[in-house]
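Participant: Got a structure for you, model-v7.cif, holding mmCIF, C-alpha atoms.
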data_my_file
loop_
_atom_site.label_atom_id
_atom_site.label_comp_id
_atom_site.auth_asym_id
_atom_site.auth_seq_id
_atom_site.Cartn_x
_atom_site.Cartn_y
_atom_site.Cartn_z
CA LEU A 1390 88.59 256.33 4.36
CA ALA A 1391 91.02 259.08 5.21
CA ARG A 1392 94.62 258.29 6.02
CA TRP A 1393 96.11 260.19 8.94
CA SER A 1394 99.68 261.04 9.81
CA TRP A 1395 101.37 261.98 13.05
CA LEU A 1396 102.87 265.39 13.48
CA CYS A 1397 106.47 264.57 14.21
CA TYR A 1398 109.41 264.93 11.88
CA VAL A 1399 112.33 262.54 11.78
CA LEU A 1400 115.39 263.74 13.61
CA GLN A 1401 117.12 266.47 11.65
CA GLU A 1402 120.59 267.93 11.86
CA ASP A 1403 121.13 271.65 12.24
CA ASP A 1404 124.13 273.89 12.76
CA ALA A 1405 124.09 273.57 16.54
CA SER A 1406 127.33 272.46 18.13
CA SER A 1407 127.13 273.85 21.65
CA PRO A 1408 126.68 271.66 24.77
CA THR A 1409 123.04 271.13 25.69
CA LEU A 1410 120.92 271.44 28.81
CA CYS A 1411 117.85 269.37 29.56
CA ARG A 1412 116.27 270.28 32.90
CA ASN A 1413 114.94 273.45 34.42
CA GLU A 1414 117.54 272.98 37.14
CA GLN A 1415 120.21 273.26 34.41
CA GLU A 1416 121.55 269.74 34.96
CA ARG A 1417 123.61 268.21 32.19
CA CYS A 1418 121.98 265.56 30.03
CA SER A 1419 123.68 262.24 29.44
CA TYR A 1420 122.65 262.55 25.78
CA THR A 1421 124.63 265.43 24.24
CA PRO A 1422 124.57 265.31 20.42
CA THR A 1423 126.84 267.72 18.63
CA ARG A 1424 124.85 268.35 15.43
CA ARG A 1425 121.16 267.92 16.07
CA TYR A 1426 119.68 270.50 18.45
CA ARG A 1427 120.76 273.77 19.97
CA ALA A 1428 119.29 272.66 23.30
CA LEU A 1429 117.54 269.67 24.83
CA VAL A 1430 114.68 269.76 27.28
CA ALA A 1431 112.91 267.24 29.48
CA PRO A 1432 109.51 268.95 29.78
CA GLY A 1433 108.20 266.63 32.48
CA ALA A 1434 110.78 268.00 34.90
CA SER A 1435 108.65 271.16 35.10
CA ALA A 1436 106.01 269.09 36.91
CA ARG A 1437 108.25 268.37 39.91
CA PRO A 1438 106.78 271.25 41.98
CA ALA A 1439 103.33 269.74 41.36
CA TRP A 1440 104.56 266.34 42.52
CA ALA A 1441 106.05 267.94 45.64
CA ALA A 1442 102.61 269.47 46.29
CA GLY A 1443 101.09 265.98 46.23
CA GLU A 1444 99.82 265.70 42.64
CA ALA A 1445 101.25 263.13 40.23
CA GLY A 1446 98.08 262.10 38.40
CA ALA A 1447 96.94 259.17 40.56
CA ASN A 1448 93.26 260.08 40.27
CA ALA A 1449 93.07 260.35 36.48
CA THR A 1450 93.06 258.14 33.39
CA VAL A 1451 94.80 259.15 30.16
CA ALA A 1452 94.59 257.42 26.76
CA VAL A 1453 97.15 257.61 23.95
CA PHE A 1454 96.24 256.87 20.31
CA ASP A 1455 99.50 256.17 18.51
CA THR A 1456 101.83 253.32 17.45
CA GLY A 1457 101.54 251.40 20.72
CA LEU A 1458 103.97 250.63 23.54
CA GLY A 1459 105.96 247.49 24.17
CA VAL A 1460 105.42 245.33 27.24
CA GLY A 1461 107.91 245.82 30.06
CA HIS A 1462 109.33 249.15 28.93
CA PRO A 1463 111.78 250.47 31.57
CA HIS A 1464 109.94 253.81 31.86
CA PHE A 1465 106.77 251.97 32.91
CA ARG A 1466 108.16 249.49 35.43
CA HIS A 1467 106.69 251.64 38.20
CA LYS A 1468 103.19 251.26 36.75
CA GLU A 1469 102.38 249.26 33.64
CA PRO A 1470 99.63 250.62 31.38
CA ALA A 1471 96.23 249.33 32.41
CA GLU A 1472 95.61 248.05 28.88
CA ARG A 1473 97.09 247.87 25.40
CA ILE A 1474 94.73 247.47 22.46
CA ASN A 1475 95.64 247.09 18.79
CA TRP A 1476 93.05 248.49 16.37
CA THR A 1477 95.23 248.11 13.27
CA SER A 1478 95.67 245.31 10.73
CA GLU A 1479 99.05 244.37 12.24
CA LYS A 1480 99.32 241.22 14.32
CA THR A 1481 101.36 242.82 17.09
CA ARG A 1482 100.86 245.43 19.77
CA ALA A 1483 104.59 246.16 19.89
CA ASP A 1484 105.92 249.56 18.87
CA THR A 1485 108.98 249.11 16.70
CA PHE A 1486 108.68 252.53 15.06
CA GLY A 1487 109.01 254.37 18.38
CA HIS A 1488 106.52 257.22 18.11
CA GLY A 1489 103.97 255.78 20.55
CA THR A 1490 106.66 254.92 23.07
CA PHE A 1491 107.99 258.48 22.95
CA ILE A 1492 104.54 260.01 23.45
CA ALA A 1493 103.39 257.66 26.22
CA SER A 1494 106.63 258.09 28.16
CA LEU A 1495 106.40 261.86 27.95
CA ILE A 1496 102.93 261.75 29.50
CA SER A 1497 103.42 259.28 32.34
CA GLY A 1498 106.76 257.53 32.14
CA ALA A 1499 109.21 257.38 35.05
CA SER A 1500 112.81 258.38 34.35
CA ASN A 1501 115.27 260.55 36.23
CA GLU A 1502 116.50 262.12 33.00
CA CYS A 1503 113.22 262.52 31.08
CA PRO A 1504 110.26 262.03 33.44
CA GLY A 1505 106.65 262.06 32.32
CA PHE A 1506 104.27 264.66 33.71
CA ALA A 1507 101.83 262.28 35.43
CA PRO A 1508 103.72 259.11 36.45
CA ASP A 1509 100.95 257.89 38.76
CA ALA A 1510 98.16 258.19 36.19
CA THR A 1511 96.33 255.20 34.72
CA MET A 1512 97.59 254.84 31.14
CA LEU A 1513 95.60 253.29 28.28
CA VAL A 1514 97.57 252.54 25.11
CA HIS A 1515 95.67 252.26 21.82
CA LYS A 1516 97.56 251.32 18.68
CA VAL A 1517 95.95 253.09 15.71
CA PHE A 1518 99.07 253.30 13.50
CA THR A 1519 101.02 250.35 12.14
CA ASN A 1520 104.77 250.24 12.41
CA GLU A 1521 104.75 251.01 8.67
CA GLN A 1522 103.18 254.39 9.54
CA VAL A 1523 99.73 253.66 8.13
CA SER A 1524 96.39 254.50 9.71
CA TYR A 1525 92.75 254.89 8.66
CA THR A 1526 89.80 256.80 10.01
CA SER A 1527 87.97 253.54 10.70
CA TRP A 1528 90.67 252.45 13.16
CA PHE A 1529 90.35 255.73 15.01
CA LEU A 1530 86.57 255.42 15.13
CA ASP A 1531 86.85 251.97 16.71
CA ALA A 1532 89.21 253.33 19.35
CA PHE A 1533 87.03 256.40 20.00
CA ASN A 1534 83.96 254.21 20.46
CA TYR A 1535 85.82 252.02 22.92
CA VAL A 1536 86.80 255.11 24.97
CA LEU A 1537 83.14 256.15 25.00
CA TRP A 1538 82.16 252.65 26.14
CA ARG A 1539 84.72 252.66 28.98
CA GLY A 1540 83.41 255.96 30.30
CA ASP A 1541 86.35 256.61 32.65
CA VAL A 1542 88.91 258.38 30.44
CA ASP A 1543 89.76 261.93 31.49
CA VAL A 1544 92.31 262.92 28.82
CA LEU A 1545 93.04 261.67 25.30
CA ASN A 1546 96.24 262.56 23.42
CA LEU A 1547 96.25 262.71 19.61
CA SER A 1548 99.73 263.50 18.30
CA VAL A 1549 98.28 263.29 14.82
CA GLY A 1550 96.75 265.57 12.26
CA GLY A 1551 95.77 266.24 8.71
CA PRO A 1552 94.55 269.11 6.55
CA ASP A 1553 91.04 267.73 6.05
CA PHE A 1554 88.80 269.37 8.65
CA ALA A 1555 85.87 268.22 6.48
CA ASP A 1556 86.41 264.53 7.40
CA ARG A 1557 82.95 264.42 8.98
CA PRO A 1558 83.08 260.93 10.58
CA PHE A 1559 86.36 261.75 12.34
CA GLY A 1560 85.42 265.30 13.35
CA ASP A 1561 81.95 264.35 14.56
CA LYS A 1562 83.36 261.53 16.68
CA VAL A 1563 85.97 263.82 18.25
CA ARG A 1564 83.21 266.24 19.23
CA GLU A 1565 81.20 263.36 20.68
CA VAL A 1566 84.17 262.23 22.76
CA VAL A 1567 84.66 265.75 24.16
CA ALA A 1568 80.93 266.04 24.86
CA SER A 1569 81.16 262.82 26.87
CA GLY A 1570 83.67 264.44 29.25
CA VAL A 1571 87.06 263.60 27.73
CA ALA A 1572 89.58 266.43 27.26
CA VAL A 1573 91.07 265.83 23.80
CA VAL A 1574 94.57 267.25 23.26
CA SER A 1575 96.05 267.36 19.77
CA ALA A 1576 99.08 268.67 17.90
CA ILE A 1577 98.40 271.77 15.83
CA GLY A 1578 100.66 270.94 12.87
CA ASN A 1579 104.19 271.30 11.52
CA ASP A 1580 103.47 273.59 8.58
CA GLY A 1581 104.67 276.91 10.03
CA PRO A 1582 105.68 279.62 9.93
CA ALA A 1583 103.00 280.36 7.34
CA TRP A 1584 99.62 281.56 8.60
CA GLY A 1585 96.45 279.53 8.10
CA THR A 1586 98.28 276.18 8.32
CA LEU A 1587 96.52 274.57 11.28
CA ASN A 1588 95.86 270.84 11.15
CA SER A 1589 92.72 268.94 12.13
CA PRO A 1590 91.61 267.99 14.75
CA GLY A 1591 93.80 270.42 16.72
CA ASP A 1592 92.08 273.37 15.02
CA ALA A 1593 88.63 272.32 16.22
CA VAL A 1594 86.92 274.52 18.81
CA GLU A 1595 86.35 271.55 21.12
CA VAL A 1596 89.96 270.29 21.02
CA ILE A 1597 92.93 271.68 22.96
CA GLY A 1598 95.32 272.49 20.11
CA VAL A 1599 99.03 272.54 21.01
CA GLY A 1600 101.79 274.41 19.22
CA GLY A 1601 105.52 273.88 19.62
CA SER A 1602 108.03 276.17 21.34
CA GLU A 1603 111.81 276.31 21.52
CA ALA A 1604 113.54 274.47 24.36
CA ARG A 1605 115.19 277.43 26.08
CA SER A 1606 113.38 280.63 25.13
CA GLY A 1607 109.77 279.50 24.99
CA ARG A 1608 109.48 281.27 21.65
CA VAL A 1609 107.24 279.51 19.12
CA CYS A 1610 109.14 277.11 16.82
CA THR A 1611 109.40 278.02 13.17
CA LEU A 1612 107.77 274.72 12.20
CA SER A 1613 104.71 275.17 14.43
CA SER A 1614 101.53 275.84 12.43
CA ARG A 1615 99.76 279.17 12.86
CA GLY A 1616 96.08 280.17 12.77
CA ALA A 1617 93.49 281.15 11.93
CA PRO A 1618 91.48 277.94 11.51
CA LEU A 1619 90.73 276.97 7.91
CA ASN A 1620 87.10 276.24 8.75
CA ALA A 1621 85.33 279.58 8.29
CA ALA A 1622 82.95 278.78 11.15
CA TRP A 1623 85.91 278.72 13.57
CA ALA A 1624 87.85 281.65 12.06
CA PRO A 1625 87.37 284.12 14.94
CA ARG A 1626 88.93 281.69 17.43
CA ALA A 1627 92.64 281.97 18.28
CA LYS A 1628 94.54 278.76 17.73
CA PRO A 1629 96.68 277.08 18.97
CA ASP A 1630 95.32 277.18 22.51
CA VAL A 1631 98.72 276.82 24.22
CA VAL A 1632 102.29 275.81 23.39
CA ALA A 1633 104.81 273.37 24.87
CA PRO A 1634 108.41 272.43 24.02
CA GLY A 1635 108.60 271.07 20.49
CA MET A 1636 112.34 271.15 19.76
CA GLY A 1637 114.97 268.85 21.26
CA VAL A 1638 112.40 267.14 23.48
CA LEU A 1639 113.71 264.13 25.42
CA SER A 1640 111.62 261.01 25.99
CA GLY A 1641 111.69 257.23 25.85
CA VAL A 1642 112.46 254.90 22.95
CA PRO A 1643 111.51 251.23 22.40
CA GLY A 1644 113.38 248.60 24.38
CA SER A 1645 115.61 250.98 26.31
CA GLY A 1646 115.60 253.11 29.42
CA ALA A 1647 117.56 255.82 27.60
CA CYS A 1648 116.17 259.23 26.65
CA HIS A 1649 116.49 260.52 23.10
CA PRO A 1650 115.40 263.79 21.48
CA ASN A 1651 112.80 264.51 18.85
CA HIS A 1652 110.85 267.49 17.61
CA GLY A 1653 107.53 268.61 16.15
CA THR A 1654 104.17 269.59 17.58
CA SER A 1655 103.62 265.86 17.97
CA VAL A 1656 106.02 265.91 20.92
CA ALA A 1657 104.53 269.16 22.26
CA SER A 1658 101.02 267.72 22.55
CA PRO A 1659 101.84 265.05 25.20
CA SER A 1660 103.27 267.71 27.52
CA ILE A 1661 99.88 269.41 27.58
CA ALA A 1662 98.12 266.05 27.81
CA GLY A 1663 100.29 265.32 30.86
CA VAL A 1664 99.43 268.64 32.52
CA SER A 1665 95.76 268.06 31.65
CA THR A 1666 95.98 264.71 33.42
CA LEU A 1667 97.36 266.44 36.52
CA ILE A 1668 94.47 268.93 36.35
CA ALA A 1669 91.86 266.17 36.09
CA SER A 1670 93.43 264.26 38.96
CA ALA A 1671 93.71 267.33 41.19
CA ALA A 1672 90.10 268.32 40.54
CA ARG A 1673 88.87 264.83 41.44
CA ARG A 1674 91.06 264.67 44.56
CA ALA A 1675 89.87 268.07 45.74
CA GLY A 1676 86.21 267.39 44.92
CA ALA A 1677 85.99 270.37 42.56
CA SER A 1678 82.47 271.52 41.77
CA ALA A 1679 83.02 270.98 38.03
CA ARG A 1680 85.20 268.40 36.29
CA ASN A 1681 84.97 268.49 32.51
CA PRO A 1682 87.01 269.39 29.40
CA ALA A 1683 86.07 273.07 29.71
CA MET A 1684 87.52 273.16 33.23
CA VAL A 1685 90.73 271.51 31.98
CA ARG A 1686 91.09 274.06 29.20
CA GLN A 1687 90.34 276.95 31.56
CA CYS A 1688 93.02 275.89 34.04
CA LEU A 1689 95.54 275.47 31.22
CA LEU A 1690 94.80 278.98 29.97
CA GLU A 1691 94.92 280.57 33.43
CA ALA A 1692 98.26 278.85 34.15
CA SER A 1693 99.86 280.07 30.91
CA THR A 1694 102.31 282.86 30.14
CA ARG A 1695 102.73 284.30 26.66
CA PHE A 1696 106.08 284.82 24.99
CA GLY A 1697 106.48 288.51 24.20
CA HIS A 1698 103.92 289.56 26.82
CA ASN A 1699 106.03 292.59 27.68
CA ALA A 1700 107.62 295.40 25.70
CA THR A 1701 111.00 293.65 25.43
CA GLY A 1702 109.39 290.56 23.96
CA ARG A 1703 107.34 292.58 21.49
CA ASP A 1704 110.40 294.48 20.33
CA ALA A 1705 112.11 291.17 19.62
CA ASP A 1706 109.15 290.00 17.53
CA PRO A 1707 107.94 293.06 15.57
CA ARG A 1708 105.85 291.05 13.09
CA GLY A 1709 104.16 288.88 15.71
CA GLY A 1710 105.27 285.58 14.20
CA ALA A 1711 106.05 284.19 17.65
CA SER A 1712 104.00 286.39 19.99
CA SER A 1713 100.66 286.55 18.17
CA LEU A 1714 97.68 284.74 19.67
CA PHE A 1715 97.45 282.88 16.36
CA ALA A 1716 101.00 281.56 16.86
CA GLN A 1717 101.13 280.73 20.57
CA GLY A 1718 97.61 281.02 21.98
CA ALA A 1719 97.86 281.64 25.72
CA GLY A 1720 101.54 280.57 25.75
CA GLY A 1721 103.44 278.06 27.87
CA VAL A 1722 101.79 276.33 30.84
CA ASP A 1723 103.03 276.15 34.45
CA PRO A 1724 101.99 272.69 35.80
CA LEU A 1725 101.85 273.76 39.46
CA LYS A 1726 99.64 276.77 38.67
CA ALA A 1727 97.37 274.49 36.65
CA VAL A 1728 97.06 272.06 39.57
CA ARG A 1729 96.29 274.89 42.00
CA CYS A 1730 93.58 276.12 39.63
CA ALA A 1731 91.98 272.66 39.58
CA GLU A 1732 92.13 272.23 43.36
CA ALA A 1733 90.20 275.43 43.98
CA TYR A 1734 88.13 275.41 40.81
CA ALA A 1735 84.75 277.10 40.63
CA PRO A 1736 82.96 277.95 37.36
CA ARG A 1737 83.90 281.40 36.07
CA ALA A 1738 84.75 283.32 32.93
CA THR A 1739 88.34 283.54 31.67
CA LEU A 1740 89.45 286.19 29.19
CA VAL A 1741 92.00 285.23 26.53
CA PRO A 1742 94.14 287.25 26.33
CA PRO A 1743 93.69 288.51 29.89
CA SER A 1744 94.47 292.07 28.78
CA LEU A 1745 94.88 294.14 25.64
CA ASP A 1746 97.77 296.44 24.83
#
Could you quickly redo this structure as structure tokens?

Facilitator:
Amino acid sequence: LARWSWLCYVLQEDDASSPTLCRNEQERCSYTPTRRYRALVAPGASARPAWAAGEAGANATVAVFDTGLGVGHPHFRHKEPAERINWTSEKTRADTFGHGTFIASLISGASNECPGFAPDATMLVHKVFTNEQVSYTSWFLDAFNYVLWRGDVDVLNLSVGGPDFADRPFGDKVREVVASGVAVVSAIGNDGPAWGTLNSPGDAVEVIGVGGSEARSGRVCTLSSRGAPLNAAWAPRAKPDVVAPGMGVLSGVPGSGACHPNHGTSVASPSIAGVSTLIASAARRAGASARNPAMVRQCLLEASTRFGHNATGRDADPRGGASSLFAQGAGGVDPLKAVRCAEAYAPRATLVPPSLD
């Protein structure tokens, strides 16, 4: 049985010493480290225009496969997860390691400083990693089968990955889950800036693979894995699909209402899972003619903007390490545009990239 790992590094120190900003509105964060990140960002704040337009995820269900989430967490007092299930060999559903708490809060937590994207969504928490950071394919398969049995999950976040795209039981089950109508969102890997370093399952055609971007500029992080996919059958496809903040990202921690930063494509994936949840909810609320993973992906792509999409950006990135389709996909996603796409959705073709230069 294959052992999987999540795509999030431990907190690292860099040479940054300047004050940090966390929200689009340029408000000061209460957490201002001096030697960890050049900037902090609360990605969920970008969803506020979507909330103001009436969409906060109330009509969608999102599942998180990770290290769990403790009962009574302050970021979920507004709406406790609908269920917590432990598929591991541990005898507790609690998350003492903190990864699952961080991911779940970023998707649908409620906090003034680091809000989740879809605070009104129905959250399902599945523990597939122990607090000793161990997991096995068999635990994932149990959780996947349960999601298939439930039949009401719209979005599934996998902030995990590994180099083995040939793990047939895992890969086949992911494809089955997507075919059943669940949009699967996964981190693309932390092995950049080298090319051909994508991780599975984010590199799969059926999965929405998410790369990491810098907090302020939107430029792809150095650590974010680049395409093309290692599987020769997928080689022509650009991956990742989109990017989201992956450096200095603020979210929740176990047993506290505080917001702390982390980095990696692991913390980029839940931002896109949160926007995907808003898309699924908006489509259901509006009675869209099609509601499926392809529609979710299409609205994400149509609501995205690429870094370096103009001459100035290209001049700043002459080798394409940050602006290539194989580094950033369609780019960063605007939540409100994605919601508007879902509300008025009708089947159509979308070109990626939308133009050639």

Participant: Could you tell me, as a tab-separated table (two decimals) with C-alpha atoms, keeping the file's coordinate frame, exactly which residues end up selected when the PyMOL selection byres ((chain A and resi 1505) around 7) is applied to this structure?

Facilitator:
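That gives us result-v2.tsv:
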chain	number	residue	atom	x	y	z
A	1433	GLY	CA	108.20	266.63	32.48
A	1494	SER	CA	106.63	258.09	28.16
A	1495	LEU	CA	106.40	261.86	27.95
A	1496	ILE	CA	102.93	261.75	29.50
A	1497	SER	CA	103.42	259.28	32.34
A	1498	GLY	CA	106.76	257.53	32.14
A	1499	ALA	CA	109.21	257.38	35.05
A	1503	CYS	CA	113.22	262.52	31.08
A	1504	PRO	CA	110.26	262.03	33.44
A	1506	PHE	CA	104.27	264.66	33.71
A	1507	ALA	CA	101.83	262.28	35.43
A	1508	PRO	CA	103.72	259.11	36.45

Participant: Excluding stretch 1651-1664 of chain A and any residue of its chain fewer than 2 positions from it, enumerate the residues within 7 Å of it, using all atoms listed in the file, and give them as a compact mmCIF listing (two decimals) with C-alpha atoms, in the coordinates of the input.

Facilitator:
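After the write, around21.txt holds the following:
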# COMPACT_ATOMS: atom_id res chain seq x y z
CA TRP A 1395 101.37 261.98 13.05
CA LEU A 1396 102.87 265.39 13.48
CA CYS A 1397 106.47 264.57 14.21
CA TYR A 1398 109.41 264.93 11.88
CA LEU A 1400 115.39 263.74 13.61
CA PRO A 1432 109.51 268.95 29.78
CA ILE A 1492 104.54 260.01 23.45
CA LEU A 1495 106.40 261.86 27.95
CA ILE A 1496 102.93 261.75 29.50
CA SER A 1497 103.42 259.28 32.34
CA PHE A 1506 104.27 264.66 33.71
CA ALA A 1507 101.83 262.28 35.43
CA VAL A 1544 92.31 262.92 28.82
CA ASN A 1546 96.24 262.56 23.42
CA SER A 1548 99.73 263.50 18.30
CA VAL A 1549 98.28 263.29 14.82
CA VAL A 1574 94.57 267.25 23.26
CA SER A 1575 96.05 267.36 19.77
CA ALA A 1576 99.08 268.67 17.90
CA ILE A 1577 98.40 271.77 15.83
CA GLY A 1578 100.66 270.94 12.87
CA ASN A 1579 104.19 271.30 11.52
CA VAL A 1599 99.03 272.54 21.01
CA GLY A 1600 101.79 274.41 19.22
CA GLY A 1601 105.52 273.88 19.62
CA SER A 1613 104.71 275.17 14.43
CA ALA A 1633 104.81 273.37 24.87
CA PRO A 1634 108.41 272.43 24.02
CA GLY A 1635 108.60 271.07 20.49
CA MET A 1636 112.34 271.15 19.76
CA GLY A 1637 114.97 268.85 21.26
CA VAL A 1638 112.40 267.14 23.48
CA LEU A 1639 113.71 264.13 25.42
CA HIS A 1649 116.49 260.52 23.10
CA THR A 1666 95.98 264.71 33.42
CA LEU A 1667 97.36 266.44 36.52
CA ILE A 1668 94.47 268.93 36.35
CA PRO A 1724 101.99 272.69 35.80

Participant: Just say which residues the PyMOL selection byres ((chain A and resi 1488) around 9) picks in this file, as JSON, numbers by chain.

Facilitator: {"A": [1395, 1397, 1455, 1456, 1457, 1458, 1484, 1485, 1486, 1487, 1489, 1490, 1491, 1492, 1493, 1642, 1643]}

Participant: What does the file look like for those residues with C-alpha atoms, as a short mmCIF file (atom, residue, chain, number, x, y, z; two decimals), keeping the file's coordinate frame?

Facilitator:
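File written: again_26.cif
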data_model
loop_
_atom_site.label_atom_id
_atom_site.label_comp_id
_atom_site.auth_asym_id
_atom_site.auth_seq_id
_atom_site.Cartn_x
_atom_site.Cartn_y
_atom_site.Cartn_z
CA TRP A 1395 101.37 261.98 13.05
CA CYS A 1397 106.47 264.57 14.21
CA ASP A 1455 99.50 256.17 18.51
CA THR A 1456 101.83 253.32 17.45
CA GLY A 1457 101.54 251.40 20.72
CA LEU A 1458 103.97 250.63 23.54
CA ASP A 1484 105.92 249.56 18.87
CA THR A 1485 108.98 249.11 16.70
CA PHE A 1486 108.68 252.53 15.06
CA GLY A 1487 109.01 254.37 18.38
CA GLY A 1489 103.97 255.78 20.55
CA THR A 1490 106.66 254.92 23.07
CA PHE A 1491 107.99 258.48 22.95
CA ILE A 1492 104.54 260.01 23.45
CA ALA A 1493 103.39 257.66 26.22
CA VAL A 1642 112.46 254.90 22.95
CA PRO A 1643 111.51 251.23 22.40
#

Participant: How far is it from atom CA of A:Gly1718 to atom CA of A:Ala1593, in Å with one decimal?

Facilitator: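 According to the coordinates, atom CA of A:Gly1718 and atom CA of A:Ala1593 are separated by 13.8 Å.
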
Participant: For the atom pair atom CA of A:Leu1530 and atom CA of A:Gly1446, what is the interatomic distance in Å to one decimal place?

Facilitator: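 If I compute the distance from atom CA of A:Leu1530 to atom CA of A:Gly1446, I get 26.8 Å.
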
Participant: So what do you get for atom CA of A:Ala1447 versus atom CA of A:Leu1547, distance-wise?

Facilitator: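 Those two atoms sit 21.3 Å apart.
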
Participant: Quick one: which residues end up in the PyMOL selection byres ((chain A and resi 1680) around 12) for this structure, as JSON, numbers by chain?

Facilitator: {"A": [1449, 1543, 1544, 1569, 1570, 1571, 1572, 1665, 1666, 1668, 1669, 1670, 1671, 1672, 1673, 1674, 1675, 1676, 1677, 1678, 1679, 1681, 1682, 1683, 1684, 1685, 1686, 1687, 1688, 1730, 1731, 1732, 1733, 1734, 1735, 1736]}

Participant: Write a file of the selected residues as a PDB file, in the frame of the given file, keeping C-alpha atoms.

Facilitator:
ATOM      1  CA  ALA A1449      93.070 260.350  36.480  1.00  0.00           C
ATOM      2  CA  ASP A1543      89.760 261.930  31.490  1.00  0.00           C
ATOM      3  CA  VAL A1544      92.310 262.920  28.820  1.00  0.00           C
ATOM      4  CA  SER A1569      81.160 262.820  26.870  1.00  0.00           C
ATOM      5  CA  GLY A1570      83.670 264.440  29.250  1.00  0.00           C
ATOM      6  CA  VAL A1571      87.060 263.600  27.730  1.00  0.00           C
ATOM      7  CA  ALA A1572      89.580 266.430  27.260  1.00  0.00           C
ATOM      8  CA  SER A1665      95.760 268.060  31.650  1.00  0.00           C
ATOM      9  CA  THR A1666      95.980 264.710  33.420  1.00  0.00           C
ATOM     10  CA  ILE A1668      94.470 268.930  36.350  1.00  0.00           C
ATOM     11  CA  ALA A1669      91.860 266.170  36.090  1.00  0.00           C
ATOM     12  CA  SER A1670      93.430 264.260  38.960  1.00  0.00           C
ATOM     13  CA  ALA A1671      93.710 267.330  41.190  1.00  0.00           C
ATOM     14  CA  ALA A1672      90.100 268.320  40.540  1.00  0.00           C
ATOM     15  CA  ARG A1673      88.870 264.830  41.440  1.00  0.00           C
ATOM     16  CA  ARG A1674      91.060 264.670  44.560  1.00  0.00           C
ATOM     17  CA  ALA A1675      89.870 268.070  45.740  1.00  0.00           C
ATOM     18  CA  GLY A1676      86.210 267.390  44.920  1.00  0.00           C
ATOM     19  CA  ALA A1677      85.990 270.370  42.560  1.00  0.00           C
ATOM     20  CA  SER A1678      82.470 271.520  41.770  1.00  0.00           C
ATOM     21  CA  ALA A1679      83.020 270.980  38.030  1.00  0.00           C
ATOM     22  CA  ASN A1681      84.970 268.490  32.510  1.00  0.00           C
ATOM     23  CA  PRO A1682      87.010 269.390  29.400  1.00  0.00           C
ATOM     24  CA  ALA A1683      86.070 273.070  29.710  1.00  0.00           C
ATOM     25  CA  MET A1684      87.520 273.160  33.230  1.00  0.00           C
ATOM     26  CA  VAL A1685      90.730 271.510  31.980  1.00  0.00           C
ATOM     27  CA  ARG A1686      91.090 274.060  29.200  1.00  0.00           C
ATOM     28  CA  GLN A1687      90.340 276.950  31.560  1.00  0.00           C
ATOM     29  CA  CYS A1688      93.020 275.890  34.040  1.00  0.00           C
ATOM     30  CA  CYS A1730      93.580 276.120  39.630  1.00  0.00           C
ATOM     31  CA  ALA A1731      91.980 272.660  39.580  1.00  0.00           C
ATOM     32  CA  GLU A1732      92.130 272.230  43.360  1.00  0.00           C
ATOM     33  CA  ALA A1733      90.200 275.430  43.980  1.00  0.00           C
ATOM     34  CA  TYR A1734      88.130 275.410  40.810  1.00  0.00           C
ATOM     35  CA  ALA A1735      84.750 277.100  40.630  1.00  0.00           C
ATOM     36  CA  PRO A1736      82.960 277.950  37.360  1.00  0.00           C
TER      37      PRO A1736
END

Participant: When you count only C-alpha atoms, which of these residues is closest to A:Pro1742: A:Lys1726, A:Lys1562, A:His1464, A:Arg1626?

Facilitator: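 Nearest candidate to A:Pro1742 out of A:Lys1726, A:Lys1562, A:His1464, A:Arg1626: A:Arg1626.
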
Participant: Nearest to A:Val1536: which of A:Ala1445, A:Ala1647, A:Val1451, A:Ala1483 is it, counting all atoms listed in the file?

Facilitator: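 Using all atoms listed in the file, the shortest distance to A:Val1536 belongs to A:Val1451.
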
Participant: My list of candidates is A:Ser1640, A:Ser1713, A:Ser1693, A:Asn1520. Which is closest to A:Leu1429 when distances are computed with only C-alpha atoms?

Facilitator: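 Checking each of A:Ser1640, A:Ser1713, A:Ser1693, A:Asn1520 against A:Leu1429, counting only C-alpha atoms, the winner is A:Ser1640.
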